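Next comes run-v2.txt, with compact mmCIF, C-alpha atoms.
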```txt
# COMPACT_ATOMS: atom_id res chain seq x y z
CA MET A 1191 2.77 -16.82 13.08
CA VAL A 1192 5.37 -15.82 10.55
CA SER A 1193 5.02 -12.80 8.29
CA VAL A 1194 5.77 -12.35 4.62
CA GLY A 1195 5.84 -8.98 2.85
CA LEU A 1196 5.41 -8.82 -0.91
CA ASP A 1197 5.56 -6.10 -3.52
CA VAL A 1198 3.07 -7.00 -6.21
CA ILE A 1199 2.13 -5.90 -9.71
CA PHE A 1200 -1.50 -6.55 -10.62
CA ASN A 1201 -2.34 -6.82 -14.32
CA ILE A 1202 -5.84 -5.37 -14.29
CA THR A 1203 -7.94 -4.89 -17.40
CA LEU A 1204 -10.10 -1.75 -17.34
CA ASN A 1205 -12.32 -1.07 -20.35
CA LYS A 1206 -10.42 -3.73 -22.34
CA ASN A 1207 -7.11 -1.98 -21.65
CA PRO A 1208 -4.56 -3.92 -19.58
CA LYS A 1209 -3.00 -1.76 -16.91
CA PRO A 1210 -0.24 -2.84 -14.51
CA ILE A 1211 -0.91 -1.47 -11.01
CA GLY A 1212 1.56 -1.72 -8.12
CA GLY A 1213 0.82 -2.56 -4.54
CA THR A 1214 2.01 -4.22 -1.37
CA LEU A 1215 0.77 -7.27 0.45
CA ASP A 1216 1.50 -8.31 4.05
CA VAL A 1217 0.67 -11.93 4.82
CA SER A 1218 1.05 -14.02 7.97
CA GLY A 1219 0.49 -17.68 8.72
CA GLY A 1220 1.89 -20.83 10.26
CA VAL A 1221 4.90 -22.85 9.16
CA LEU A 1222 5.09 -26.40 7.88
CA TYR A 1223 8.51 -28.03 7.56
CA LEU A 1224 8.95 -31.10 5.35
CA ALA A 1225 12.15 -32.67 6.65
CA GLU A 1226 12.60 -35.10 3.75
CA LYS A 1227 12.71 -32.18 1.29
CA GLY A 1228 14.19 -29.51 3.56
CA GLU A 1229 11.30 -27.22 2.59
CA PHE A 1230 9.37 -24.64 4.61
CA TYR A 1231 5.77 -23.81 3.67
CA LEU A 1232 3.47 -21.01 4.82
CA THR A 1233 0.21 -22.50 6.12
CA ASN A 1234 -3.17 -20.85 6.56
CA PRO A 1235 -2.06 -17.53 5.04
CA ILE A 1236 -3.96 -14.46 6.20
CA ILE A 1237 -3.74 -11.10 4.45
CA ASN A 1238 -3.01 -8.50 7.12
CA ASN A 1239 -2.68 -5.55 4.77
CA LEU A 1240 -3.30 -5.00 1.07
CA THR A 1241 -2.53 -1.69 -0.58
CA VAL A 1242 -3.12 -1.09 -4.28
CA GLN A 1243 -2.15 2.23 -5.80
CA GLY A 1244 -4.99 4.20 -7.38
CA ILE A 1245 -7.76 1.69 -6.62
CA ALA A 1246 -10.85 2.45 -4.51
CA GLN A 1247 -11.06 0.59 -1.18
CA LYS A 1248 -14.21 -1.31 -2.21
CA TYR A 1249 -12.23 -2.92 -5.06
CA VAL A 1250 -9.27 -3.59 -2.78
CA ASP A 1251 -11.63 -5.49 -0.46
CA LYS A 1252 -12.79 -7.65 -3.40
CA ALA A 1253 -9.19 -8.23 -4.43
CA ASN A 1254 -8.37 -9.22 -0.84
CA LYS A 1255 -10.95 -12.03 -0.96
CA ALA A 1256 -9.70 -13.32 -4.31
CA LEU A 1257 -6.05 -13.09 -3.26
CA SER A 1258 -6.70 -14.98 -0.02
CA LYS A 1259 -7.80 -18.04 -1.99
CA ALA A 1260 -4.97 -17.67 -4.50
CA LEU A 1261 -2.34 -17.35 -1.75
CA ALA A 1262 -3.57 -20.47 0.05
CA GLU A 1263 -3.30 -22.45 -3.18
CA TYR A 1264 0.08 -20.95 -4.11
CA TYR A 1265 1.75 -21.53 -0.72
CA LYS A 1266 0.35 -25.08 -0.55
CA ASN A 1267 2.55 -25.98 -3.53
CA ASN A 1268 5.45 -23.52 -3.28
CA PRO A 1269 7.87 -23.44 -0.35
CA ILE A 1270 8.80 -20.10 1.21
CA TYR A 1271 12.32 -21.46 1.72
CA THR A 1272 14.31 -24.56 0.78
CA LEU A 1273 17.51 -25.69 2.46
CA HIS A 1274 20.13 -26.05 -0.25
CA VAL A 1275 22.20 -29.24 -0.31
CA THR A 1276 25.03 -27.42 -2.10
CA ASP A 1277 25.65 -25.33 1.03
CA MET A 1278 27.46 -27.29 3.78
CA LYS A 1279 25.80 -25.38 6.65
CA GLN A 1280 22.34 -25.88 5.17
CA THR A 1281 23.05 -29.57 4.53
CA ALA A 1282 24.01 -29.95 8.21
CA ALA A 1283 20.86 -28.08 9.24
CA LYS A 1284 18.74 -30.34 7.03
CA LEU A 1285 20.25 -33.45 8.64
CA ALA A 1286 19.63 -32.19 12.19
CA LEU A 1287 16.30 -30.38 11.73
CA LYS A 1288 13.34 -32.67 12.36
CA ASP A 1289 10.38 -30.32 12.86
CA VAL A 1290 9.46 -26.64 12.98
CA VAL A 1291 6.14 -25.35 14.33
CA VAL A 1292 4.74 -22.08 15.63
CA GLN A 1293 3.43 -22.27 19.20
CA ASN A 1294 2.26 -19.23 21.15
CA LYS A 1295 3.82 -16.90 18.56
CA GLN A 1296 7.21 -18.61 18.94
CA LEU A 1297 9.09 -20.81 16.51
CA VAL A 1298 9.68 -24.24 18.11
CA ILE A 1299 12.48 -26.22 16.46
CA THR A 1300 13.08 -29.95 17.03
CA LEU A 1301 16.59 -31.22 16.33
CA GLY A 1302 17.82 -34.81 16.20
CA ILE A 1303 20.23 -37.12 14.46
```
For the structure just supplied, provide its representation as structure tokens.
Amino acid sequence: MVSVGLDVIFNITLNKNPKPIGGTLDVSGGVLYLAEKGEFYLTNPIINNLTVQGIAQKYVDKANKALSKALAEYYKNNPIYTLHVTDMKQTAAKLALKDVVVQNKQLVITLGI
């Protein structure tokens, strides 16, 4: 598992009045590496902690369910990191890096030429 921490701003409408509310989100999941693109994706994201300022816990629990679905969809299409071909070290890493997986809470990296 890898972890991602996010600071979030929710745009919530209460009584027809939009109100930005801050919070934090801790997410963990697996890693998928697409070698041809040099992109890393978070797979099977799980919300470990969701904190929303000034919102009752029962509403935070509802938000947690909605965000879980949204995160899965978002991370399916948006990499958490991309190796940049304009950086020589990252270009070399992209050429050598063949696979990255999480096994027994450890990152296992396969290199090759």
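Every protein or nucleic acid residue with an atom no more than 7 Å from range 1234-1236 of chain A, counting all atoms listed in the file and leaving out same-chain residues fewer than 4 positions away, appears here: A:Val1217, A:Ser1218, A:Gly1219, A:Gly1220, A:Ser1258, A:Leu1261, A:Ala1262.
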With C-alpha atoms retained, write the just-selected residues as a PDB file, in the frame of the given file.
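File produced: selection02.pdb:
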```pdb
ATOM      1  CA  VAL A1217       0.670 -11.930   4.820  1.00  0.00           C
ATOM      2  CA  SER A1218       1.050 -14.020   7.970  1.00  0.00           C
ATOM      3  CA  GLY A1219       0.490 -17.680   8.720  1.00  0.00           C
ATOM      4  CA  GLY A1220       1.890 -20.830  10.260  1.00  0.00           C
ATOM      5  CA  SER A1258      -6.700 -14.980  -0.020  1.00  0.00           C
ATOM      6  CA  LEU A1261      -2.340 -17.350  -1.750  1.00  0.00           C
ATOM      7  CA  ALA A1262      -3.570 -20.470   0.050  1.00  0.00           C
TER       8      ALA A1262
END
```
* Quote the spacing between CA of Asn1294 in chain A and CA of Val1192 in chain A in Å to one decimal place. =>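 Taking CA of Asn1294 in chain A as the start and CA of Val1192 in chain A as the end point, the length is 11.6 Å.
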* Asked: Contacts of Leu1257 in chain A at 12 Å or less, counting all atoms listed in the file, minus same-chain residues fewer than 6 places along, as a list in words?
  -> Val1198, Phe1200, Leu1215, Asp1216, Val1217, Pro1235, Ile1236, Ile1237, Asn1238, Asn1239, Leu1240, Val1250, Asp1251, Glu1263, Tyr1264 and Tyr1265 of chain A
* Residues at most 9 Å from Thr1214 in chain A, counting only C-alpha atoms, excluding those fewer than 5 positions away in the same chain, as a ChimeraX atom specification? -> /A:1195-1199,1239-1243
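As for CA of Glu1229 in chain A and CA of Ala1283 in chain A, they are spaced 11.7 Å apart.
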* Find the residues around range 1285-1292 of chain A up to 6 Å (all atoms listed in the file counted), leave out those fewer than 5 positions away in its own chain, and share them as number ranges by chain. => A: 1221, 1223, 1225, 1297-1303
* Asked: Between A:Ala1260, A:Leu1222, A:Ile1270, A:Met1278, which one has atoms that come closest to Val1194 in chain A, using all atoms listed in the file?
  ->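 Using all atoms listed in the file, the shortest distance to Val1194 in chain A belongs to A:Ile1270.
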* Please, what distance in Å, to one decimal, runs between CA of Gln1247 in chain A and CA of Asn1205 in chain A? -> 19.3 Å
* Asked: Skipping near chain neighbours, those fewer than 2 positions away, what residues fall within 7 Å of Thr1272 in chain A using only C-alpha atoms, listed as a ChimeraX atom specification?
  -> /A:1228-1230,1269,1274
Box along x, y and z, 5 Å on every side, all listed atoms of range 1242-1260 of chain A inside: centre and edge lengths in Å to one decimal, as AutoDock Vina command-line options.
```
--center_x -8.2 --center_y -6.9 --center_z -3.7 --size_x 22.1 --size_y 32.2 --size_z 17.4
```
* Structure fact -> Leu1232 in chain A proximity check over A:Thr1203, A:Gly1212, A:Ala1256, A:Met1191, using all atoms listed in the file: winner is A:Met1191
* Asked: Hey, which of A:Ala1253, A:Ile1202, A:Leu1224, A:Ile1245 ends up closest to Lys1284 in chain A? Count all atoms listed in the file.
  ->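 Comparing A:Ala1253, A:Ile1202, A:Leu1224, A:Ile1245 against Lys1284 in chain A, the winner is A:Leu1224.
Restricting the calculation to all atoms listed in the file, the smallest distance between Tyr1231 in chain A and any of A:Lys1259, A:Val1275, A:Gln1296, A:Asn1267 is found for A:Asn1267.
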Rebuild range 1197-1225 of chain A to N, CA and C atoms - output it as a PDB file, keeping the file's coordinate frame, please.
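Dumped to part_2.pdb:
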```pdb
ATOM      1  N   ASP A1197       5.899  -7.167  -2.593  1.00  0.00           N
ATOM      2  CA  ASP A1197       5.560  -6.100  -3.520  1.00  0.00           C
ATOM      3  C   ASP A1197       4.942  -6.796  -4.723  1.00  0.00           C
ATOM      4  N   VAL A1198       3.786  -6.310  -5.142  1.00  0.00           N
ATOM      5  CA  VAL A1198       3.070  -7.000  -6.210  1.00  0.00           C
ATOM      6  C   VAL A1198       2.746  -6.049  -7.360  1.00  0.00           C
ATOM      7  N   ILE A1199       2.622  -6.615  -8.537  1.00  0.00           N
ATOM      8  CA  ILE A1199       2.130  -5.900  -9.710  1.00  0.00           C
ATOM      9  C   ILE A1199       0.883  -6.646 -10.170  1.00  0.00           C
ATOM     10  N   PHE A1200      -0.247  -5.972 -10.143  1.00  0.00           N
ATOM     11  CA  PHE A1200      -1.500  -6.550 -10.620  1.00  0.00           C
ATOM     12  C   PHE A1200      -1.674  -6.153 -12.071  1.00  0.00           C
ATOM     13  N   ASN A1201      -2.016  -7.105 -12.920  1.00  0.00           N
ATOM     14  CA  ASN A1201      -2.340  -6.820 -14.320  1.00  0.00           C
ATOM     15  C   ASN A1201      -3.857  -6.777 -14.416  1.00  0.00           C
ATOM     16  N   ILE A1202      -4.392  -5.574 -14.306  1.00  0.00           N
ATOM     17  CA  ILE A1202      -5.840  -5.370 -14.290  1.00  0.00           C
ATOM     18  C   ILE A1202      -6.279  -4.840 -15.639  1.00  0.00           C
ATOM     19  N   THR A1203      -7.392  -5.374 -16.136  1.00  0.00           N
ATOM     20  CA  THR A1203      -7.940  -4.890 -17.400  1.00  0.00           C
ATOM     21  C   THR A1203      -9.132  -3.991 -17.095  1.00  0.00           C
ATOM     22  N   LEU A1204      -9.028  -2.727 -17.502  1.00  0.00           N
ATOM     23  CA  LEU A1204     -10.100  -1.750 -17.340  1.00  0.00           C
ATOM     24  C   LEU A1204     -10.523  -1.287 -18.720  1.00  0.00           C
ATOM     25  N   ASN A1205     -11.806  -1.461 -19.039  1.00  0.00           N
ATOM     26  CA  ASN A1205     -12.320  -1.070 -20.350  1.00  0.00           C
ATOM     27  C   ASN A1205     -11.492  -1.686 -21.487  1.00  0.00           C
ATOM     28  N   LYS A1206     -11.177  -2.952 -21.349  1.00  0.00           N
ATOM     29  CA  LYS A1206     -10.420  -3.730 -22.340  1.00  0.00           C
ATOM     30  C   LYS A1206      -8.976  -3.249 -22.530  1.00  0.00           C
ATOM     31  N   ASN A1207      -8.492  -2.451 -21.603  1.00  0.00           N
ATOM     32  CA  ASN A1207      -7.110  -1.980 -21.650  1.00  0.00           C
ATOM     33  C   ASN A1207      -6.343  -2.533 -20.457  1.00  0.00           C
ATOM     34  N   PRO A1208      -5.346  -3.409 -20.706  1.00  0.00           N
ATOM     35  CA  PRO A1208      -4.560  -3.920 -19.580  1.00  0.00           C
ATOM     36  C   PRO A1208      -3.743  -2.794 -18.942  1.00  0.00           C
ATOM     37  N   LYS A1209      -3.716  -2.814 -17.627  1.00  0.00           N
ATOM     38  CA  LYS A1209      -3.000  -1.760 -16.910  1.00  0.00           C
ATOM     39  C   LYS A1209      -2.291  -2.377 -15.702  1.00  0.00           C
ATOM     40  N   PRO A1210      -0.952  -2.336 -15.691  1.00  0.00           N
ATOM     41  CA  PRO A1210      -0.240  -2.840 -14.510  1.00  0.00           C
ATOM     42  C   PRO A1210      -0.361  -1.828 -13.358  1.00  0.00           C
ATOM     43  N   ILE A1211      -0.735  -2.317 -12.187  1.00  0.00           N
ATOM     44  CA  ILE A1211      -0.910  -1.470 -11.010  1.00  0.00           C
ATOM     45  C   ILE A1211      -0.088  -2.071  -9.875  1.00  0.00           C
ATOM     46  N   GLY A1212       0.710  -1.244  -9.209  1.00  0.00           N
ATOM     47  CA  GLY A1212       1.560  -1.720  -8.120  1.00  0.00           C
ATOM     48  C   GLY A1212       0.839  -1.726  -6.790  1.00  0.00           C
ATOM     49  N   GLY A1213       1.381  -2.497  -5.878  1.00  0.00           N
ATOM     50  CA  GLY A1213       0.820  -2.560  -4.540  1.00  0.00           C
ATOM     51  C   GLY A1213       1.712  -3.342  -3.606  1.00  0.00           C
ATOM     52  N   THR A1214       1.280  -3.432  -2.368  1.00  0.00           N
ATOM     53  CA  THR A1214       2.010  -4.220  -1.370  1.00  0.00           C
ATOM     54  C   THR A1214       1.022  -5.153  -0.670  1.00  0.00           C
ATOM     55  N   LEU A1215       1.575  -6.235  -0.175  1.00  0.00           N
ATOM     56  CA  LEU A1215       0.770  -7.270   0.450  1.00  0.00           C
ATOM     57  C   LEU A1215       1.536  -7.791   1.660  1.00  0.00           C
ATOM     58  N   ASP A1216       0.911  -7.739   2.831  1.00  0.00           N
ATOM     59  CA  ASP A1216       1.500  -8.310   4.050  1.00  0.00           C
ATOM     60  C   ASP A1216       0.670  -9.519   4.443  1.00  0.00           C
ATOM     61  N   VAL A1217       1.336 -10.667   4.550  1.00  0.00           N
ATOM     62  CA  VAL A1217       0.670 -11.930   4.820  1.00  0.00           C
ATOM     63  C   VAL A1217       1.314 -12.581   6.041  1.00  0.00           C
ATOM     64  N   SER A1218       0.505 -13.241   6.861  1.00  0.00           N
ATOM     65  CA  SER A1218       1.050 -14.020   7.970  1.00  0.00           C
ATOM     66  C   SER A1218       0.394 -15.395   7.957  1.00  0.00           C
ATOM     67  N   GLY A1219       1.026 -16.335   8.649  1.00  0.00           N
ATOM     68  CA  GLY A1219       0.490 -17.680   8.720  1.00  0.00           C
ATOM     69  C   GLY A1219       1.392 -18.584   9.532  1.00  0.00           C
ATOM     70  N   GLY A1220       1.080 -19.848   9.548  1.00  0.00           N
ATOM     71  CA  GLY A1220       1.890 -20.830  10.260  1.00  0.00           C
ATOM     72  C   GLY A1220       3.006 -21.341   9.359  1.00  0.00           C
ATOM     73  N   VAL A1221       3.785 -22.268   9.903  1.00  0.00           N
ATOM     74  CA  VAL A1221       4.900 -22.850   9.160  1.00  0.00           C
ATOM     75  C   VAL A1221       4.769 -24.367   9.168  1.00  0.00           C
ATOM     76  N   LEU A1222       5.005 -24.955   8.013  1.00  0.00           N
ATOM     77  CA  LEU A1222       5.090 -26.400   7.880  1.00  0.00           C
ATOM     78  C   LEU A1222       6.474 -26.716   7.346  1.00  0.00           C
ATOM     79  N   TYR A1223       7.189 -27.618   8.021  1.00  0.00           N
ATOM     80  CA  TYR A1223       8.510 -28.030   7.560  1.00  0.00           C
ATOM     81  C   TYR A1223       8.452 -29.473   7.108  1.00  0.00           C
ATOM     82  N   LEU A1224       8.862 -29.732   5.866  1.00  0.00           N
ATOM     83  CA  LEU A1224       8.950 -31.100   5.350  1.00  0.00           C
ATOM     84  C   LEU A1224      10.415 -31.515   5.394  1.00  0.00           C
ATOM     85  N   ALA A1225      10.757 -32.306   6.402  1.00  0.00           N
ATOM     86  CA  ALA A1225      12.150 -32.670   6.650  1.00  0.00           C
ATOM     87  C   ALA A1225      12.784 -33.413   5.482  1.00  0.00           C
TER      88      ALA A1225
END
```
